[in-house]
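Quick look at my_file03.txt (compact mmCIF, C-alpha atoms):
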# COMPACT_ATOMS: atom_id res chain seq x y z
CA MET Q 29 -2.50 38.89 -55.78
CA GLU Q 30 -2.47 36.24 -58.43
CA TYR Q 31 0.81 34.66 -57.34
CA SER Q 32 -0.27 33.14 -54.07
CA ALA Q 33 -2.80 30.38 -53.55
CA ALA Q 34 -6.26 31.29 -52.22
CA PRO Q 35 -5.94 29.52 -48.83
CA LEU Q 36 -2.67 31.37 -48.15
CA GLN Q 37 -4.22 34.66 -49.19
CA ARG Q 38 -7.19 34.10 -46.89
CA LEU Q 39 -4.90 33.32 -43.95
CA ILE Q 40 -2.84 36.46 -44.58
CA GLU Q 41 -6.06 38.53 -44.66
CA GLN Q 42 -7.15 37.07 -41.34
CA PHE Q 43 -3.90 38.13 -39.67
CA GLN Q 44 -4.09 41.52 -41.31
CA LYS Q 45 -7.40 42.26 -39.59
CA MET Q 46 -5.62 42.33 -36.22
CA PRO Q 47 -4.78 45.66 -34.58
CA GLY Q 48 -1.32 46.92 -35.49
CA ILE Q 49 -0.64 44.19 -38.04
CA GLY Q 50 0.21 45.38 -41.55
CA ALA Q 51 0.49 43.46 -44.81
CA LYS Q 52 4.10 42.37 -44.30
CA THR Q 53 3.72 41.18 -40.72
CA ALA Q 54 0.52 39.34 -41.63
CA GLN Q 55 2.36 37.57 -44.46
CA ARG Q 56 5.19 36.67 -42.12
CA MET Q 57 2.80 35.28 -39.53
CA ALA Q 58 0.83 33.24 -42.06
CA LEU Q 59 4.02 31.72 -43.46
CA PHE Q 60 5.27 31.07 -39.94
CA VAL Q 61 2.12 29.07 -39.18
CA LEU Q 62 2.54 27.12 -42.41
CA GLY Q 63 6.19 26.48 -41.60
CA GLU Q 64 5.35 24.86 -38.27
CA PRO Q 65 4.58 21.16 -37.96
CA LYS Q 66 0.96 20.62 -39.08
CA GLU Q 67 -0.03 19.49 -35.61
CA GLU Q 68 1.03 22.79 -34.06
CA ALA Q 69 -0.88 24.81 -36.62
CA ARG Q 70 -3.98 22.71 -35.91
CA ASP Q 71 -3.50 23.38 -32.18
CA PHE Q 72 -3.51 27.07 -32.99
CA ALA Q 73 -6.82 26.79 -34.84
CA LEU Q 74 -8.20 24.72 -31.98
CA ALA Q 75 -7.08 27.31 -29.42
CA ILE Q 76 -9.11 29.92 -31.30
CA THR Q 77 -12.32 27.89 -31.55
CA GLU Q 78 -12.02 26.70 -27.96
CA ALA Q 79 -11.47 30.20 -26.64
CA VAL Q 80 -14.42 31.50 -28.65
CA ASP Q 81 -16.72 28.66 -27.63
CA LYS Q 82 -15.79 28.36 -23.97
CA LEU Q 83 -15.14 31.91 -22.83
CA HIS Q 84 -17.97 34.16 -21.70
CA ARG Q 85 -18.41 36.93 -19.17
CA CYS Q 86 -18.11 36.11 -15.46
CA SER Q 87 -21.57 36.42 -13.93
CA VAL Q 88 -20.17 38.62 -11.17
CA CYS Q 89 -17.50 40.90 -12.65
CA CYS Q 90 -17.84 40.43 -16.43
CA ASN Q 91 -14.20 39.30 -16.78
CA LEU Q 92 -13.72 36.57 -19.41
CA THR Q 93 -13.97 33.07 -17.96
CA ASP Q 94 -14.76 29.51 -18.92
CA GLY Q 95 -16.52 28.80 -15.62
CA GLU Q 96 -19.61 30.31 -14.03
CA VAL Q 97 -17.48 32.92 -12.23
CA CYS Q 98 -13.89 33.94 -13.00
CA PRO Q 99 -10.84 32.75 -10.98
CA ILE Q 100 -10.61 36.12 -9.22
CA CYS Q 101 -14.24 36.23 -8.08
CA LYS Q 102 -14.00 32.58 -7.02
CA SER Q 103 -10.85 33.11 -4.92
CA SER Q 104 -11.36 33.23 -1.16
CA LEU Q 105 -8.26 35.41 -0.85
CA ARG Q 106 -9.84 38.37 -2.64
CA ASN Q 107 -11.76 41.07 -0.87
CA ARG Q 108 -15.20 41.36 -2.47
CA LYS Q 109 -15.95 44.62 -0.68
CA THR Q 110 -13.39 46.52 -2.74
CA VAL Q 111 -14.12 46.68 -6.47
CA CYS Q 112 -11.79 48.08 -9.09
CA VAL Q 113 -13.69 49.22 -12.19
CA VAL Q 114 -11.71 48.79 -15.43
CA GLU Q 115 -12.52 49.44 -19.08
CA ASN Q 116 -11.51 46.07 -20.44
CA VAL Q 117 -9.77 42.77 -19.79
CA GLU Q 118 -6.38 44.23 -20.81
CA SER Q 119 -6.62 46.77 -17.98
CA LEU Q 120 -7.55 44.02 -15.53
CA MET Q 121 -4.49 42.03 -16.59
CA ALA Q 122 -2.22 45.07 -16.23
CA MET Q 123 -3.58 45.68 -12.73
CA GLU Q 124 -3.13 42.03 -11.73
CA LYS Q 125 0.50 42.12 -12.81
CA THR Q 126 1.23 44.70 -10.09
CA ASN Q 127 0.36 42.08 -7.43
CA GLU Q 128 -0.81 45.01 -5.30
CA PHE Q 129 -4.54 44.78 -5.53
CA LYS Q 130 -6.33 42.16 -3.46
CA GLY Q 131 -9.90 43.23 -4.12
CA THR Q 132 -12.11 42.18 -7.03
CA TYR Q 133 -12.77 43.79 -10.41
CA HIS Q 134 -15.58 44.95 -12.56
CA VAL Q 135 -14.99 44.98 -16.31
CA LEU Q 136 -17.08 47.60 -18.12
CA HIS Q 137 -16.27 46.30 -21.63
CA GLY Q 138 -16.15 49.84 -22.95
CA VAL Q 139 -16.58 53.45 -21.88
CA ILE Q 140 -19.46 55.86 -22.21
CA SER Q 141 -18.90 57.75 -25.46
CA PRO Q 142 -21.74 59.91 -26.77
CA LEU Q 143 -19.92 60.49 -30.07
CA ASP Q 144 -19.80 56.74 -30.73
CA GLU Q 145 -23.35 56.32 -29.43
CA VAL Q 146 -22.19 54.22 -26.49
CA GLY Q 147 -24.38 54.93 -23.47
CA PRO Q 148 -24.39 53.52 -19.91
CA ASP Q 149 -26.67 50.68 -21.01
CA ASP Q 150 -24.10 49.49 -23.56
CA ILE Q 151 -21.48 48.84 -20.90
CA THR Q 152 -21.87 46.81 -17.70
CA VAL Q 153 -22.96 49.64 -15.37
CA LYS Q 154 -26.17 47.82 -14.40
CA GLU Q 155 -24.21 44.71 -13.38
CA LEU Q 156 -21.92 46.89 -11.25
CA LEU Q 157 -24.84 48.52 -9.43
CA SER Q 158 -26.45 45.19 -8.63
CA ARG Q 159 -23.19 44.01 -6.97
CA ILE Q 160 -22.94 47.02 -4.68
CA THR Q 161 -25.76 45.97 -2.37
CA ALA Q 162 -25.41 42.21 -2.87
CA ASP Q 163 -21.73 42.15 -1.88
CA GLU Q 164 -21.89 45.08 0.55
CA VAL Q 165 -19.16 46.84 -1.43
CA ASN Q 166 -17.66 49.74 0.53
CA GLU Q 167 -15.07 51.04 -1.94
CA VAL Q 168 -15.11 51.34 -5.71
CA ILE Q 169 -11.80 52.32 -7.34
CA MET Q 170 -12.33 53.89 -10.76
CA ALA Q 171 -9.49 52.74 -13.02
CA THR Q 172 -10.85 53.85 -16.39
CA GLY Q 173 -8.43 55.59 -18.75
CA SER Q 174 -7.56 59.28 -18.73
CA SER Q 175 -9.29 59.92 -22.06
CA VAL Q 176 -12.33 62.23 -22.08
CA GLU Q 177 -14.55 59.13 -22.29
CA GLY Q 178 -12.70 57.40 -19.46
CA GLU Q 179 -13.10 60.44 -17.21
CA LEU Q 180 -16.74 60.84 -18.21
CA THR Q 181 -17.46 57.20 -17.37
CA ALA Q 182 -15.72 57.54 -13.99
CA MET Q 183 -17.73 60.67 -13.16
CA TYR Q 184 -21.01 59.11 -14.28
CA ILE Q 185 -20.53 55.95 -12.22
CA SER Q 186 -19.32 57.85 -9.13
CA LYS Q 187 -22.50 59.98 -9.24
CA LEU Q 188 -24.59 56.81 -9.27
CA LEU Q 189 -22.64 55.20 -6.42
CA LYS Q 190 -22.24 58.05 -3.95
CA PRO Q 191 -25.93 58.14 -2.92
CA LEU Q 192 -25.53 54.45 -2.01
CA GLY Q 193 -22.94 55.37 0.61
CA VAL Q 194 -20.03 53.82 -1.26
CA ARG Q 195 -16.56 55.37 -1.15
CA VAL Q 196 -15.52 56.10 -4.74
CA THR Q 197 -11.83 56.70 -5.49
CA ARG Q 198 -9.79 57.26 -8.64
CA LEU Q 199 -6.28 56.04 -9.51
CA ALA Q 200 -3.69 58.76 -8.90
CA TYR Q 201 -2.24 60.71 -11.81
CA GLY Q 202 1.37 61.79 -11.57
CA LEU Q 203 4.88 61.21 -12.77
CA PRO Q 204 5.66 57.71 -14.00
CA VAL Q 205 8.17 56.06 -11.66
CA GLY Q 206 11.73 56.25 -12.99
CA SER Q 207 11.12 59.16 -15.37
CA ASP Q 208 12.71 62.58 -15.21
CA LEU Q 209 10.74 65.72 -14.47
CA GLN Q 210 12.04 67.38 -17.64
CA TYR Q 211 10.51 64.71 -19.87
CA ALA Q 212 7.04 64.77 -18.31
CA ASP Q 213 4.28 66.42 -20.37
CA SER Q 214 2.78 69.53 -18.80
CA VAL Q 215 -0.68 68.00 -18.19
CA THR Q 216 0.83 65.10 -16.26
CA LEU Q 217 3.07 67.49 -14.33
CA ALA Q 218 0.09 69.70 -13.45
CA ARG Q 219 -1.84 66.65 -12.20
CA ALA Q 220 1.17 65.53 -10.18
CA LEU Q 221 1.29 68.93 -8.54
CA GLN Q 222 -2.44 68.94 -7.77
CA GLY Q 223 -2.20 65.46 -6.27
CA ARG Q 224 0.93 66.12 -4.18
CA LEU Q 225 1.23 64.20 -0.90
CA GLU Q 226 2.57 65.07 2.54
CA LEU Q 227 6.05 63.76 3.26
CA MET E 5 -1.28 33.61 -14.53
CA GLU E 6 -4.06 32.66 -12.21
CA TYR E 7 -6.32 35.55 -13.16
CA SER E 8 -7.15 34.54 -16.72
CA ALA E 9 -9.06 31.49 -17.85
CA ALA E 10 -7.14 28.58 -19.38
CA PRO E 11 -8.58 28.89 -22.93
CA LEU E 12 -7.60 32.57 -23.02
CA GLN E 13 -4.14 31.77 -21.71
CA ARG E 14 -3.67 29.08 -24.37
CA LEU E 15 -4.73 31.46 -27.12
CA ILE E 16 -2.32 34.13 -25.90
CA GLU E 17 0.50 31.56 -25.87
CA GLN E 18 -0.29 30.59 -29.45
CA PHE E 19 0.04 34.17 -30.62
CA GLN E 20 3.18 34.63 -28.58
CA LYS E 21 4.94 31.86 -30.51
CA MET E 22 4.87 34.02 -33.65
CA PRO E 23 8.00 35.86 -34.74
CA GLY E 24 8.20 39.38 -33.34
CA ILE E 25 5.14 39.04 -31.11
CA GLY E 26 5.72 39.70 -27.42
CA ALA E 27 3.49 39.07 -24.42
CA LYS E 28 1.53 42.32 -24.70
CA THR E 29 0.85 42.12 -28.41
CA ALA E 30 -0.17 38.47 -28.07
CA GLN E 31 -2.61 39.41 -25.35
CA ARG E 32 -4.00 42.22 -27.47
CA MET E 33 -4.45 39.91 -30.46
CA ALA E 34 -6.14 37.19 -28.42
CA LEU E 35 -8.58 39.68 -26.91
CA PHE E 36 -9.17 41.17 -30.35
CA VAL E 37 -10.19 37.76 -31.68
CA LEU E 38 -12.49 37.25 -28.70
CA GLY E 39 -13.99 40.70 -29.20
CA GLU E 40 -14.98 39.93 -32.79
CA PRO E 41 -18.30 38.30 -33.68
CA LYS E 42 -17.98 34.55 -33.00
CA GLU E 43 -18.48 33.77 -36.67
CA GLU E 44 -15.42 35.81 -37.66
CA ALA E 45 -13.24 34.14 -35.06
CA ARG E 46 -14.36 30.74 -36.35
CA ASP E 47 -13.50 31.86 -39.89
CA PHE E 48 -10.01 32.65 -38.62
CA ALA E 49 -9.61 29.16 -37.15
CA LEU E 50 -10.94 27.69 -40.39
CA ALA E 51 -8.48 29.74 -42.46
CA ILE E 52 -5.62 28.20 -40.48
CA THR E 53 -6.76 24.59 -40.81
CA GLU E 54 -7.63 25.04 -44.49
CA ALA E 55 -4.28 26.60 -45.26
CA VAL E 56 -2.45 23.83 -43.40
CA ASP E 57 -4.48 21.05 -45.01
CA LYS E 58 -4.64 22.37 -48.57
CA LEU E 59 -1.28 24.01 -49.15
CA HIS E 60 1.73 22.01 -50.22
CA ARG E 61 4.77 22.60 -52.40
CA CYS E 62 4.29 23.16 -56.13
CA SER E 63 5.64 20.10 -57.94
CA VAL E 64 7.68 22.37 -60.23
CA CYS E 65 9.00 25.31 -58.22
CA CYS E 66 8.26 24.37 -54.57
CA ASN E 67 6.18 27.54 -54.04
CA LEU E 68 3.17 26.98 -51.77
CA THR E 69 0.03 26.06 -53.67
CA ASP E 70 -3.28 24.28 -53.27
CA GLY E 71 -3.18 22.85 -56.81
CA GLU E 72 -0.76 20.47 -58.48
CA VAL E 73 1.37 23.39 -59.69
CA CYS E 74 1.33 26.99 -58.42
CA PRO E 75 -0.39 29.87 -60.29
CA ILE E 76 2.95 31.16 -61.55
CA CYS E 77 4.12 27.85 -63.02
CA LYS E 78 0.67 27.33 -64.53
CA SER E 79 0.55 30.73 -66.22
CA SER E 80 1.20 30.77 -69.96
CA LEU E 81 2.49 34.34 -69.66
CA ARG E 82 5.55 33.31 -67.65
CA ASN E 83 8.84 32.39 -69.23
CA ARG E 84 9.86 28.96 -67.95
CA LYS E 85 13.37 29.28 -69.38
CA THR E 86 14.32 31.96 -66.83
CA VAL E 87 14.29 30.80 -63.22
CA CYS E 88 14.75 33.07 -60.20
CA VAL E 89 16.02 31.12 -57.19
CA VAL E 90 14.76 32.49 -53.85
CA GLU E 91 15.23 31.39 -50.25
CA ASN E 92 11.59 31.36 -49.24
CA VAL E 93 8.02 32.28 -50.16
CA GLU E 94 8.41 35.77 -48.63
CA SER E 95 11.20 36.55 -51.10
CA LEU E 96 9.06 35.27 -53.97
CA MET E 97 6.23 37.57 -52.89
CA ALA E 98 8.59 40.56 -52.60
CA MET E 99 9.89 39.84 -56.11
CA GLU E 100 6.39 39.50 -57.54
CA LYS E 101 5.39 42.87 -56.11
CA THR E 102 7.94 44.56 -58.37
CA ASN E 103 5.94 43.43 -61.43
CA GLU E 104 9.27 43.32 -63.26
CA PHE E 105 10.02 39.64 -63.43
CA LYS E 106 8.21 37.54 -66.00
CA GLY E 107 10.10 34.29 -65.55
CA THR E 108 9.37 31.54 -63.03
CA TYR E 109 10.75 30.88 -59.57
CA HIS E 110 12.41 28.18 -57.57
CA VAL E 111 11.89 28.26 -53.81
CA LEU E 112 14.76 26.69 -51.88
CA HIS E 113 12.95 26.69 -48.51
CA GLY E 114 16.18 27.52 -46.72
CA VAL E 115 19.86 28.15 -47.34
CA ILE E 116 22.91 25.96 -46.98
CA SER E 117 24.26 26.56 -43.48
CA PRO E 118 26.94 24.21 -42.18
CA LEU E 119 26.67 25.67 -38.66
CA ASP E 120 22.98 24.77 -38.51
CA GLU E 121 23.65 21.43 -40.20
CA VAL E 122 21.62 22.39 -43.27
CA GLY E 123 23.19 20.87 -46.37
CA PRO E 124 22.21 20.94 -50.06
CA ASP E 125 19.97 17.91 -49.56
CA ASP E 126 17.89 19.73 -46.95
CA ILE E 127 16.83 22.42 -49.41
CA THR E 128 15.32 21.96 -52.88
CA VAL E 129 18.56 21.92 -54.91
CA LYS E 130 17.76 18.52 -56.43
CA GLU E 131 14.36 19.73 -57.65
CA LEU E 132 16.06 22.75 -59.24
CA LEU E 133 18.60 20.61 -61.11
CA SER E 134 15.91 18.33 -62.49
CA ARG E 135 14.09 21.36 -63.95
CA ILE E 136 17.13 22.68 -65.79
CA THR E 137 17.12 20.04 -68.51
CA ALA E 138 13.38 19.34 -68.47
CA ASP E 139 12.41 22.98 -69.09
CA GLU E 140 15.51 23.88 -71.12
CA VAL E 141 16.30 26.68 -68.67
CA ASN E 142 18.85 29.10 -70.07
CA GLU E 143 19.18 31.59 -67.19
CA VAL E 144 19.10 31.14 -63.45
CA ILE E 145 18.98 34.32 -61.36
CA MET E 146 20.29 33.77 -57.84
CA ALA E 147 18.21 35.92 -55.49
CA THR E 148 19.28 34.47 -52.16
CA GLY E 149 20.08 36.93 -49.35
CA SER E 150 23.39 38.70 -48.79
CA SER E 151 24.11 36.75 -45.59
CA VAL E 152 27.12 34.42 -45.56
CA GLU E 153 24.73 31.49 -45.98
CA GLY E 154 22.86 33.19 -48.82
CA GLU E 155 26.10 33.86 -50.68
CA LEU E 156 27.36 30.34 -50.02
CA THR E 157 24.16 28.85 -51.39
CA ALA E 158 24.35 31.04 -54.48
CA MET E 159 27.97 29.99 -55.09
CA TYR E 160 27.22 26.32 -54.54
CA ILE E 161 24.29 26.27 -56.93
CA SER E 162 26.10 28.29 -59.61
CA LYS E 163 28.96 25.78 -59.54
CA LEU E 164 26.49 22.96 -60.15
CA LEU E 165 24.73 24.80 -62.96
CA LYS E 166 27.61 26.23 -64.99
CA PRO E 167 28.77 22.85 -66.36
CA LEU E 168 25.22 22.42 -67.71
CA GLY E 169 25.71 25.48 -69.91
CA VAL E 170 23.23 27.63 -68.00
CA ARG E 171 23.82 31.34 -67.56
CA VAL E 172 23.85 32.06 -63.81
CA THR E 173 23.38 35.64 -62.62
CA ARG E 174 23.07 37.33 -59.23
CA LEU E 175 20.88 40.27 -58.21
CA ALA E 176 22.87 43.52 -58.18
CA TYR E 177 24.06 45.02 -54.94
CA GLY E 178 24.20 48.77 -54.69
CA LEU E 179 22.61 51.87 -53.25
CA PRO E 180 18.92 51.60 -52.41
CA VAL E 181 16.92 53.89 -54.68
CA GLY E 182 16.05 57.19 -52.98
CA SER E 183 18.76 56.99 -50.35
CA ASP E 184 21.66 59.40 -49.89
CA LEU E 185 25.28 58.38 -50.39
CA GLN E 186 26.20 59.62 -46.92
CA TYR E 187 23.80 57.22 -45.24
CA ALA E 188 24.92 54.09 -47.08
CA ASP E 189 27.01 51.60 -45.12
CA SER E 190 30.53 51.12 -46.43
CA VAL E 191 30.03 47.51 -47.57
CA THR E 192 27.04 48.49 -49.70
CA LEU E 193 28.94 51.45 -51.08
CA ALA E 194 31.94 49.27 -51.94
CA ARG E 195 29.65 46.81 -53.77
CA ALA E 196 27.96 49.70 -55.61
CA LEU E 197 31.40 50.85 -56.77
CA GLN E 198 32.44 47.37 -57.91
CA GLY E 199 29.18 46.94 -59.80
CA ARG E 200 29.23 50.38 -61.48
CA LEU E 201 27.64 50.61 -64.91
CA GLU E 202 28.48 52.57 -68.11
CA LEU E 203 26.38 55.69 -68.64
What is this structure when it is put down as structure tokens?
Amino acid sequence: MEYSAAPLQRLIEQFQKMPGIGAKTAQRMALFVLGEPKEEARDFALAITEAVDKLHRCSVCCNLTDGEVCPICKSSLRNRKTVCVVENVESLMAMEKTNEFKGTYHVLHGVISPLDEVGPDDITVKELLSRITADEVNEVIMATGSSVEGELTAMYISKLLKPLGVRVTRLAYGLPVGSDLQYADSVTLARALQGRLEL
Amino acid sequence: MEYSAAPLQRLIEQFQKMPGIGAKTAQRMALFVLGEPKEEARDFALAITEAVDKLHRCSVCCNLTDGEVCPICKSSLRNRKTVCVVENVESLMAMEKTNEFKGTYHVLHGVISPLDEVGPDDITVKELLSRITADEVNEVIMATGSSVEGELTAMYISKLLKPLGVRVTRLAYGLPVGSDLQYADSVTLARALQGRLEL
């Protein structure tokens, strides 16, 4: 596009690489940054470099952290004997927002996916296994997604853990709270029926 | 949010400042940047600082540029006697994408809005007036938006220009191409009727 200067074009392209951001939104974001006071735009750039330079995986749970271990693993209020296994940091954040879970996490940073040539060694399964004995973990909650790969990963890890005498559980499937039965898809409804509870 | 490291939190906040970006999207974008190779994330930060440092307003039309004048004003293929007045750089880009306009632009960087205390001196009206005689402009096309402020700005500028003997025109209002009459709002339809053309 001949009509816009190269630095503007490069900035638009950077925004456009993001998931879910198309050409128009990227343009809007780039021009928003340029419309801000220069100091704020520089803070933005600094936030990126700082995050990239300082953040790394927690040596215990593989969550992103700027310290040796992440705030959750460091906290004395969290139960280290219960570990919730999640696919990624987004899932961890979603779980934390519930304020229900007081155990610790383990972030896999992916799922086993033979089609994409992702095997158990490409995700943090080894790190999970080494925690089990070290922390005397007695329950592992599998909170991977309900995709084929998520289920496969949950099954694979549970098979590794059961011989170690660890209780392995899975998040319940069922109707989303607040939704109507008539709008539920049939697979979800079937799982809700299978997982019915005593009243 | 205690569970995520400060540099990550800061990066999420930076994304969340953008127009139309909520908490979840900001989080997704921040984690996307961190998931990229470090070099790419640094390129992103560099693109921001470079754009902020290098871009400024074109000395002729106030478009953003890294040179003395913008690529459009520099081009020998563009007619400097026809000037299209737009509110912002986004509008200029939208106009350029049509490939229909071969004149030059003038970017107001805002509209006159008494409620927001934006007067003619806060936008680039003065720069526009100084071009009229210097470039012997014979037509100014007002392409400000159809908001009250956009219309007010168009009226204000046309009143300044007419005594100078410049032809001032306004983009046509009417039915969007490809849409059905039944779906048009009544204001648009009324304007399409007023602006009807001979066949």
Report summary line: One residue among E:Thr192, E:Asn67, E:Thr137, E:Ser80 is nearest to Q:Leu59 when using only C-alpha atoms, and that residue is E:Asn67
Would you mind listing what lies within 12 Å of E:Val115 as a short mmCIF file (atom, residue, chain, number, x, y, z; two decimals) with C-alpha atoms, in the coordinates of the input, with all atoms listed in the file counted and same-chain residues fewer than 4 positions away left out?
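File part.cif, as written:
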data_model
loop_
_atom_site.label_atom_id
_atom_site.label_comp_id
_atom_site.auth_asym_id
_atom_site.auth_seq_id
_atom_site.Cartn_x
_atom_site.Cartn_y
_atom_site.Cartn_z
CA VAL E 89 16.02 31.12 -57.19
CA VAL E 90 14.76 32.49 -53.85
CA GLU E 91 15.23 31.39 -50.25
CA ASN E 92 11.59 31.36 -49.24
CA VAL E 111 11.89 28.26 -53.81
CA LEU E 119 26.67 25.67 -38.66
CA ASP E 120 22.98 24.77 -38.51
CA GLU E 121 23.65 21.43 -40.20
CA VAL E 122 21.62 22.39 -43.27
CA GLY E 123 23.19 20.87 -46.37
CA PRO E 124 22.21 20.94 -50.06
CA ASP E 125 19.97 17.91 -49.56
CA ASP E 126 17.89 19.73 -46.95
CA ILE E 127 16.83 22.42 -49.41
CA THR E 128 15.32 21.96 -52.88
CA VAL E 129 18.56 21.92 -54.91
CA MET E 146 20.29 33.77 -57.84
CA ALA E 147 18.21 35.92 -55.49
CA THR E 148 19.28 34.47 -52.16
CA GLY E 149 20.08 36.93 -49.35
CA SER E 150 23.39 38.70 -48.79
CA SER E 151 24.11 36.75 -45.59
CA VAL E 152 27.12 34.42 -45.56
CA GLU E 153 24.73 31.49 -45.98
CA GLY E 154 22.86 33.19 -48.82
CA GLU E 155 26.10 33.86 -50.68
CA LEU E 156 27.36 30.34 -50.02
CA THR E 157 24.16 28.85 -51.39
CA ALA E 158 24.35 31.04 -54.48
CA MET E 159 27.97 29.99 -55.09
CA TYR E 160 27.22 26.32 -54.54
CA ILE E 161 24.29 26.27 -56.93
#
Could you build a table of the residues in chain E lying no more than 6 Å from chain Q, giving for each the nearest pair of atoms and their separation in Å rounded to one decimal place, using all atoms listed in the file, ordered by chain and ascending residue number, as a tab-separated table?
residue	atom	partner	partner_atom	distance
E:Tyr7	CA	Q:Pro99	CA	5.7
E:Ala9	CA	Q:Thr93	CA	5.2
E:Pro11	CA	Q:Ala79	CA	4.9
E:Leu12	CA	Q:Ala79	CA	5.8
E:Leu15	CA	Q:Ala75	CA	5.3
E:Gln18	CA	Q:Phe72	CA	5.9
E:Arg46	CA	Q:Thr77	CA	5.9
E:Phe48	CA	Q:Gln42	CA	5.9
E:Ala49	CA	Q:Ala73	CA	4.3
E:Ala51	CA	Q:Leu39	CA	5.3
E:Ile52	CA	Q:Ala73	CA	5.9
E:Thr53	CA	Q:Arg70	CA	5.9
E:Ala55	CA	Q:Pro35	CA	4.9
E:Thr69	CA	Q:Ala33	CA	5.2
E:Pro75	CA	Q:Tyr31	CA	5.8
E:Ile76	CA	Q:Tyr31	CA	5.9
Query raised in the report: Quick one, how far is atom CA of E:Ala194 from atom CA of E:Arg174?
Result: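 Answer for the atom CA of E:Ala194 to atom CA of E:Arg174 separation: 16.6 Å.
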Query raised in the report: Excluding same-chain residues fewer than 3 positions from Q:Arg224, what lies within 10 Å of it counting all atoms listed in the file, as JSON, numbers by chain?
Result: {"Q": [200, 201, 202, 218, 219, 220, 221, 227]}
Query raised in the report: Between Q:Val165, Q:Leu225, Q:Cys89, Q:Leu157, which has the minimum distance to Q:Arg195 (counting all atoms listed in the file)?
Result: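 Smallest separation from Q:Arg195 among the options: Q:Val165.
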Requested in this report: Using atom CA of Q:Leu105 and atom CA of Q:Gly131 as the two end points, give the distance in Å to one decimal.
Outcome: 8.6 Å
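Look at E:Gly169: the protein and nucleic acid residues within 10 Å of it, using only C-alpha atoms and passing over chain neighbours fewer than 4 places away, are Ile136, Val141, Asn142, Glu143 and Leu165 of chain E.
Going from atom CA of Q:Cys90 to atom CA of Q:Glu155 covers 8.3 Å.
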Query raised in the report: Quick one: of E:Arg82, E:Ser117, E:Lys130, E:Val144, who's nearest to E:Glu104, counting all atoms listed in the file?
Result: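 Nearest candidate to E:Glu104 out of E:Arg82, E:Ser117, E:Lys130, E:Val144: E:Arg82.
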Report task. Could you tell me which of E:Ser190, E:Cys88, E:Ile145, E:Ser95 comes closest to E:His110 if we count all atoms listed in the file? Result ->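 Using all atoms listed in the file, the shortest distance to E:His110 belongs to E:Cys88.
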